[in-house]
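S.K.: Please see the structure below; I have some questions.
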Amino acid sequence: MYLPLLRGKQFELLAIRELVAVLNGNQHVTPIIEPVRDNLLSIRKCMDVYEEKKLNLFVITNPIVGYFTDSDKHKDLATGLTMGDYKYVKPAYYLDSNTSKAEINSLVNSYNNKLCFIHLDKVAANNKVEENSIVKIINKRNKEDLHVFFHGLSRNYINEVIGKDFDKAILKDCFPKEDQNKKYPIENSFSDEIFFFKSEGRYGFSDYSMIGSEFSESGGPAVAVAIHIVIEDKKNKELRIKHFVSDRITGFDDPAGKFFEALEKLVDWANNHERQHLNTLSIKEFINLFNKEHYPGLGFVKKLSLFHHMELCNKVISGI
């Protein structure tokens, strides 16, 4: 299972909501939404769509970035989302060394269904279960719970301290972010988790897609336009990421023209690499935009790239 962790901004939520078109009856992607804006309407729309289609979705109830970062607002978020009313939309919760027993007790007493715990750090001192009752509470939970561990936590903590019977996944920031679009190379390695998570005994894998873990409220003007497309490298068993960058890389003028410079490179490349799982809805839409000479705005471009990555992962895991 691919578990993309995405912040609840406009175009991320649109991509998640529209993804149901390719997941229905064949779900190998379960998004994890971290709410970051005080208006929850768009998140509720996502929740309702996934619930209606009987598709799994996780929503973080204690965000660490954005509007809902303090504990009082966590309560407002939980109230606003009414998670207990859903069967297929389930809570996710960040854990670290500062997580209190009271927090965990409140969480497990509030929700009877499956939970997703995201371990940013160890919750057990020195990895000894008896030194921290939080681990005992977690390990007594429903074995259907999902545990996602930030990359770098010890194997002992992941495999031994947290119960062996739980579904588990590793969270990595795979996006090779540059501080300026003009600095992106033609291609980077992205991740090989999709090819090895099953053989290594894990339920799934998690990342921040082609956006990365760094959070910003809004993107500023860019001197260059870059379109990021994740591709499958079957020979080397990894996902790679292509960066299609505009020819013009100075000045803030003419973003539409720069978009078409980048888009032309993407379309030319896609037309010559049809076998690399490029028959996704997003690639078709990129080609449609090119043919119509229509500039939809860079937020929409991000949505298409994100949607493509999720659809690609669903195809690869399902063996399509």
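Chain labels follow the order of the structure tokens: the first chain is A, the next B, and so on; residue numbering restarts at 1 in every chain, and ligands are counted from 1 in their shown order.
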Determine, counting only C-alpha atoms, which protein, DNA and RNA residues have an atom within 8 Å of an atom of Leu77 of chain A; residues of the same chain fewer than 3 positions away are not included. Present the result as a PyMOL selection string.
M.R.: chain A and resi 61+68+73-74+80-81
S.K.: Write out as a list of chain:residue names all residues of segment 150-239 of chain A that DSSP puts in helix (DSSP H, G or I) for this structure's backbone.
M.R.: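 The helix (DSSP H, G or I) subset of segment 150-239 of chain A is A:Arg155, A:Asn156, A:Tyr157, A:Ile158, A:Asn159, A:Glu160, A:Val161, A:Asn181, A:Lys182, A:Lys183, A:Glu193, A:Ile194, A:Phe195, A:Phe196.
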S.K.: Extract, using only C-alpha atoms, all DNA, RNA and protein residues at most 7 Å from segment 56-58 of chain A, discarding same-chain residues fewer than 3 positions from it, and format them as a list in words.
M.R.: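 Result of the neighbour search: Thr30, Pro31, Ile32, Ile33, Tyr50, Tyr88, Val89, Lys90, Pro91 and Ala92 of chain A.
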S.K.: Atom CA of Ala222 of chain A to atom CA of Phe252 of chain A: how many Å, to one decimal?
M.R.: 6.2 Å
S.K.: Atom CA of Ser133 of chain A to atom CA of Asn156 of chain A: how many Å, to one decimal?
M.R.: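 Calculated distance between atom CA of Ser133 of chain A and atom CA of Asn156 of chain A is 17.6 Å.
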